[in-house]
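Since the structure comes first, as C-alpha cells, the remarks are kept for the end.
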Amino acid sequence: MALDMTYFEEMEAKIPKGKVRTRFAPSPTGYMHVGNLRTALYTWLIARHNQGTFILRIEDTDQTRQVEGATEVIYRTLAECKLDHDEGPDVGGPVAPYIQTQRRDTYGKYARLLVEKGHAYYCFCEKTESEEDSGEFDRPDDPCRSLDPQEAQARVDAGEPYVIRQKIPHEGTTTFHDAIFGDITVENKDLDDQVLIKRDGLPTYNFANVIDDHLMGITHVVRGSEYLSSAPKYDLLYQAFGWDVPTYVHCSPVMRDAHNKMSKRHGDPSYEDLKAQGYLTPAILNYVALLGWSPKGELAEQEIFSLEELVDAFELSGISKSPAIFDIEKLTHFNALYIRAMAPEEFAQVAEPYIRQSVKNPKLNVAEIAALLQARCEKLTDIPEKVDFFDALPEYDVGLFANKKSKSTLDSAKTLLSAAVGMLANLPTWNTDMIHDSLVGLAEGMGFKTSTLMWPVRIAAAGKAVTPGGAVEICHILGREETVRRLNLGLEKLS
RNA sequence: GGCCCGGUGGUCAAGCGGUUAAGACUCCGCCCUUUCACGGCGGCAACACGGGUUCGAGUCCCGUCCGGGUCACCA
C-alpha cells in the first residue's frame, strides 16, 4: 500500500511560519512540581519576549500513567500564574488537535514515511526487558534492521505485532546545537535504534515530540537537561525528514539538595502545596524564574520582577548550565517582600481568612489587625498564631511583667498598670492617638521611661511577650471595655 | 561501566584575560524603637585540585577529583 503524499503536503501547509512559537508539553501524570512550573514559565517567557505564540500540548501517550484530574491541575496552575496559552486543547488553534492521543494516526503515517525513506524499520522482536547484566555494554545488532523491506511489509500485512525503530547510522558523528550548552557532538555508534512506534501503535515520547514540534511549527524546544542525551537522535530524525531543527533550550534541573531533584516522592512541594503553605503566586513565580536564570547587564542586581518585567528582561543567555537548589528560605524572603509591597487593603483582603482562623470575635477589626501583620509575616500561614490573643487572653505567668530591656520590674509594673487602668477607663475618646499620647504623658509624669509603662500594659493586654503591634494598637483593637478588663486581670496577678 | 554535561561563599548568583571577586538569602553585631517585626548601617564567608598558554587566568587548554544526566515498547 502506497503512502498518500498529499496528506503530508496538507499537514505541511498548515504549519504557521515566521513567528516564535513555543510549547509547554506536560504529560498529565501528576501535579505541577516546581521544575515543571519553571519550564512552563521559561517557555512562556520566550514566546512573550519575542511577541510569539505560546501553545499548550498534552502528552498522554503513556496509557499506563494517566492520572485523573491531572490536566485540570495544569490548566488551573497556568491560569493562576497568568501563563496564558494562545493555542491548546481548550482553545483550539490552526494545528489542532493538541492532545497526542488524538493525533495517533499522524504518528503512524510519518513513521511509515520514514520506513519508506529507509530511516526506520519494522522490528518483530519480542519485547526486550532491560537487561540487568551490567557487564555487557555492546548491544547486539537488531536482526530486523537488515530484514528485506518486502518481507517485513508482508509480515506487517499478515498482522504480526511490531514496533518501528529508527535506523541510526553506525558510522560518523552527529552534532547538535543547544542554546544553553552550545554544540555537542556524539558518535553515532553510541546511539541506539530507538523505538518510534510502540507495539500498541502509539508513538514514544521522543517520536511524538519531533512530529508534533515540527507540525506545530515550534521554534524553541524548552525541556529538562535529562533530554540532552536523546537530542542527537532528534537531529537525525529531523534530518531524515528533511526538516529544520528547532532551537533546543535544555534547562538543568531544580534540585532539593546537592544530589536529588525536587520530587513528589521526597515530599517536595508542588505549586499548589506552596500556595497552601501561604506563599503568593507572584512571589513563587519571581523566585522560580531566578532559579537557573539571571538577568544581564543593568538588571543583574535586580531580584524583584513582575511577570511583565520578566517578559522584557528574559534572555536565553541568562539561563544557567548547572542545577540550582531550591531554597525555601529565600522563597520565604521573596514572599515577605511581596506581602510588604501589597496595598494595605489588598493585604487585608488576602489576610482576612487567616486572621479569622483564630480571631472569631466579629467586633474585632480585621483591617486594623491586618495592618499590624503586614510587616510581620513572611507567609500567610504565619498569621493565625500571631493574633490568637485578640480572641482569648492566654494563660501567662506574672514573671512576664519583668523585662530588663524595658526596665520593667514587678513593682513598677504594678504601679504603672494601676495608673494606666484608671486613666484609660476615663479617656474621652478611644482612638490610637489619644491612647498613645495619654500613656506617654502618664509615664513622663510619673518619671518613667515610656517603654517601662508600655511593657506591662502590652503584657496585660496580650498575655504574651511577643506580639504584632505595640500596647497602643492592641488596646485600641481590643476596645476600651476589654482592655480595662484585661489590665485589671493583670493587676490581680501582680497583687 | 560507556557516552554527555556541570563545578564562584552554606544557598541563588554577577563575572566573558587585568575588579579591593558584585548583589541577594541565611547567620552575627550595631542603630531605630513601645515587645517583635519593618527600615538603616556594618560584619563573617567563595573561584574543587594539579599542570600548561599568557606580561597577566575564576575567565582559555589538558589532566585529576567530585557531582549530575543517560544508556526503556516512561515521559
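In the C-alpha cells, chains take the letters A, B, ... in the order shown, each chain's residues start at 1, and ligands count up from 1 in the order shown.
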Residue set, range 107-329 of chain A restricted to strand (DSSP E), as a PyMOL selection string: chain A and resi 120-123+163-166+173-178+182-187+195-197+220-224+247-251+254-255+324-325
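Once A21 in chain B and its same-chain neighbours fewer than 2 positions away are set aside, B:U8, B:G9, B:A14, B:G15, B:U19, B:G23, B:A46, B:C47, B:G58, B:U59 remain within 12 Å of it when counting only C-alpha atoms (C1' of nucleotides).
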Secondary structure check, alpha helix (DSSP H) residues of range 334-481 of chain A, as a PyMOL selection string: chain A and resi 334-341+344-358+366-373+383-391+410-425+432-445+450-462+471-478+480-481
Name the residues in contact with G63 in chain B at a cut-off of 12 Å, using only C-alpha atoms (C1' of nucleotides), excluding same-chain residues fewer than 2 positions from it; report them as a PDB file with N, CA and C atoms (P, O5', C5', C4', C3', O3' and C1' of nucleotides), in the first residue's frame.
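The result, written out as selection.pdb:
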ATOM      1  P     C B  49      40.990  25.078  44.466  1.00  0.00           P
ATOM      2  O5'   C B  49      41.847  23.778  44.167  1.00  0.00           O
ATOM      3  C5'   C B  49      42.211  22.889  45.217  1.00  0.00           C
ATOM      4  C4'   C B  49      42.930  21.701  44.649  1.00  0.00           C
ATOM      5  C3'   C B  49      44.066  22.046  43.699  1.00  0.00           C
ATOM      6  O3'   C B  49      45.261  22.326  44.404  1.00  0.00           O
ATOM      7  C1'   C B  49      42.708  20.386  42.714  1.00  0.00           C
ATOM      8  P     G B  50      46.376  23.270  43.711  1.00  0.00           P
ATOM      9  O5'   G B  50      46.957  22.351  42.563  1.00  0.00           O
ATOM     10  C5'   G B  50      47.669  21.168  42.893  1.00  0.00           C
ATOM     11  C4'   G B  50      48.106  20.478  41.646  1.00  0.00           C
ATOM     12  C3'   G B  50      48.752  21.370  40.597  1.00  0.00           C
ATOM     13  O3'   G B  50      50.103  21.632  40.918  1.00  0.00           O
ATOM     14  C1'   G B  50      47.188  19.957  39.548  1.00  0.00           C
ATOM     15  P     G B  51      50.899  22.716  40.041  1.00  0.00           P
ATOM     16  O5'   G B  51      51.353  21.857  38.796  1.00  0.00           O
ATOM     17  C5'   G B  51      51.845  22.489  37.655  1.00  0.00           C
ATOM     18  C4'   G B  51      51.555  21.657  36.436  1.00  0.00           C
ATOM     19  C3'   G B  51      51.598  22.464  35.149  1.00  0.00           C
ATOM     20  O3'   G B  51      52.930  22.590  34.694  1.00  0.00           O
ATOM     21  C1'   G B  51      49.595  21.252  35.195  1.00  0.00           C
ATOM     22  P     G B  52      53.561  24.050  34.689  1.00  0.00           P
ATOM     23  O5'   G B  52      52.444  24.892  33.938  1.00  0.00           O
ATOM     24  C5'   G B  52      52.758  25.544  32.751  1.00  0.00           C
ATOM     25  C4'   G B  52      52.316  24.736  31.540  1.00  0.00           C
ATOM     26  C3'   G B  52      51.975  25.641  30.383  1.00  0.00           C
ATOM     27  O3'   G B  52      53.078  25.686  29.481  1.00  0.00           O
ATOM     28  C1'   G B  52      50.053  24.374  30.991  1.00  0.00           C
ATOM     29  P     C B  61      38.625  26.003  26.924  1.00  0.00           P
ATOM     30  O5'   C B  61      40.066  25.377  26.713  1.00  0.00           O
ATOM     31  C5'   C B  61      40.593  25.169  25.411  1.00  0.00           C
ATOM     32  C4'   C B  61      41.886  24.396  25.530  1.00  0.00           C
ATOM     33  C3'   C B  61      41.781  23.137  26.371  1.00  0.00           C
ATOM     34  O3'   C B  61      41.321  22.039  25.601  1.00  0.00           O
ATOM     35  C1'   C B  61      43.667  24.386  27.058  1.00  0.00           C
ATOM     36  P     C B  65      40.259  10.526  38.807  1.00  0.00           P
ATOM     37  O5'   C B  65      39.650  11.451  39.949  1.00  0.00           O
ATOM     38  C5'   C B  65      40.251  11.480  41.245  1.00  0.00           C
ATOM     39  C4'   C B  65      39.609  12.568  42.067  1.00  0.00           C
ATOM     40  C3'   C B  65      38.088  12.497  42.163  1.00  0.00           C
ATOM     41  O3'   C B  65      37.667  11.595  43.170  1.00  0.00           O
ATOM     42  C1'   C B  65      38.729  14.704  41.654  1.00  0.00           C
TER      43        C B  65
END
Distance-based interface of chain B with chain A, 6 Å, counting only C-alpha atoms (C1' of nucleotides), as a PyMOL selection string: chain B and resi 6+23+25+34-38+69-70+73
Could the residues in this selection be written to a file with C-alpha atoms (C1' of nucleotides), as a PDB file, in the first residue's frame?
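The result, written out as selection.pdb:
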ATOM      1  C1'   G B   6      28.443  20.585  35.023  1.00  0.00           C
ATOM      2  C1'   G B  23      24.399  41.628  44.691  1.00  0.00           C
ATOM      3  C1'   C B  25      19.111  34.777  51.194  1.00  0.00           C
ATOM      4  C1'   U B  34       6.527  50.553  72.806  1.00  0.00           C
ATOM      5  C1'   U B  35       7.842  43.770  72.617  1.00  0.00           C
ATOM      6  C1'   C B  36       8.558  41.542  67.908  1.00  0.00           C
ATOM      7  C1'   A B  37       8.988  42.867  63.117  1.00  0.00           C
ATOM      8  C1'   C B  38       9.941  46.582  59.292  1.00  0.00           C
ATOM      9  C1'   G B  69      22.195  13.040  33.343  1.00  0.00           C
ATOM     10  C1'   U B  70      21.602   8.988  30.035  1.00  0.00           C
ATOM     11  C1'   C B  73       7.961  -0.507  23.568  1.00  0.00           C
TER      12        C B  73
END
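The space between CA of Ile355 in chain A and CA of Pro384 in chain A spans 5.5 Å.
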Contacts of Asp193 in chain A at 9 Å (only C-alpha atoms (C1' of nucleotides); same-chain gap of 5+ positions) as a PyMOL selection string: chain A and resi 120+142+145+165-168+233
Gly52 in chain A surroundings by only C-alpha atoms (C1' of nucleotides), 7 Å radius, close-in-sequence under 5 positions cut, as a list of chain:residue names: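 Skipping anything fewer than 5 positions along the chain leaves A:Lys19, A:Val20, A:Arg21, A:Ala47.
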Among listed residues A:Asn209, A:Val359, A:Arg223, A:Val254, nearest G68 in chain B (using only C-alpha atoms (C1' of nucleotides)):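 Selected residue with least distance to G68 in chain B: A:Val254.
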Residues near Glu309 in chain A, cut-off 12 Å, only C-alpha atoms (C1' of nucleotides), skip fewer than 4 positions along chain, as a ChimeraX atom specification: /A:45,48-49,282,286,289,295,299,302-305,313-315
Create the file for the chosen residues now, containing N, CA and C atoms and written as a compact mmCIF listing (two decimals), in the first residue's frame.
# COMPACT_ATOMS: atom_id res chain seq x y z
N LEU A 45 7.83 32.75 28.70
CA LEU A 45 8.62 33.99 28.60
C LEU A 45 9.30 34.12 27.23
N ARG A 48 6.56 35.20 24.85
CA ARG A 48 6.09 36.58 25.05
C ARG A 48 7.20 37.61 24.78
N HIS A 49 8.41 37.27 25.15
CA HIS A 49 9.53 38.20 24.92
C HIS A 49 9.68 38.49 23.43
N PRO A 282 2.70 35.44 42.68
CA PRO A 282 3.76 36.24 42.04
C PRO A 282 5.13 36.04 42.68
N ASN A 286 8.35 34.68 40.71
CA ASN A 286 9.55 35.51 40.73
C ASN A 286 10.75 34.69 41.20
N ALA A 289 11.71 31.93 38.70
CA ALA A 289 12.36 32.48 37.50
C ALA A 289 13.87 32.62 37.72
N PRO A 295 19.19 37.91 35.18
CA PRO A 295 19.19 38.98 34.19
C PRO A 295 20.60 39.47 33.91
N LEU A 299 20.41 45.05 34.78
CA LEU A 299 19.44 44.41 35.64
C LEU A 299 20.04 43.32 36.53
N GLN A 302 19.05 43.28 40.07
CA GLN A 302 17.63 43.29 40.41
C GLN A 302 17.13 41.88 40.68
N GLU A 303 16.33 41.75 41.71
CA GLU A 303 15.77 40.44 42.03
C GLU A 303 14.25 40.41 41.94
N ILE A 304 13.65 41.54 42.19
CA ILE A 304 12.20 41.56 42.18
C ILE A 304 11.71 41.92 40.78
N PHE A 305 10.97 41.01 40.18
CA PHE A 305 10.45 41.19 38.83
C PHE A 305 8.98 40.82 38.77
N ALA A 313 12.90 41.32 30.34
CA ALA A 313 14.28 41.01 30.70
C ALA A 313 14.76 39.64 30.26
N PHE A 314 13.82 38.75 29.99
CA PHE A 314 14.22 37.36 29.78
C PHE A 314 15.02 37.12 28.50
N GLU A 315 16.25 36.63 28.70
CA GLU A 315 17.12 36.29 27.57
C GLU A 315 17.62 34.87 27.79
Distance of CA of Pro94 in chain A from CA of Lys14 in chain A, expressed in Å to one decimal place: 6.9 Å
Point-to-point distance from CA of Ile477 in chain A to CA of Leu393 in chain A, Å rounded to tenths: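 For CA of Ile477 in chain A relative to CA of Leu393 in chain A, the distance reads 13.6 Å.
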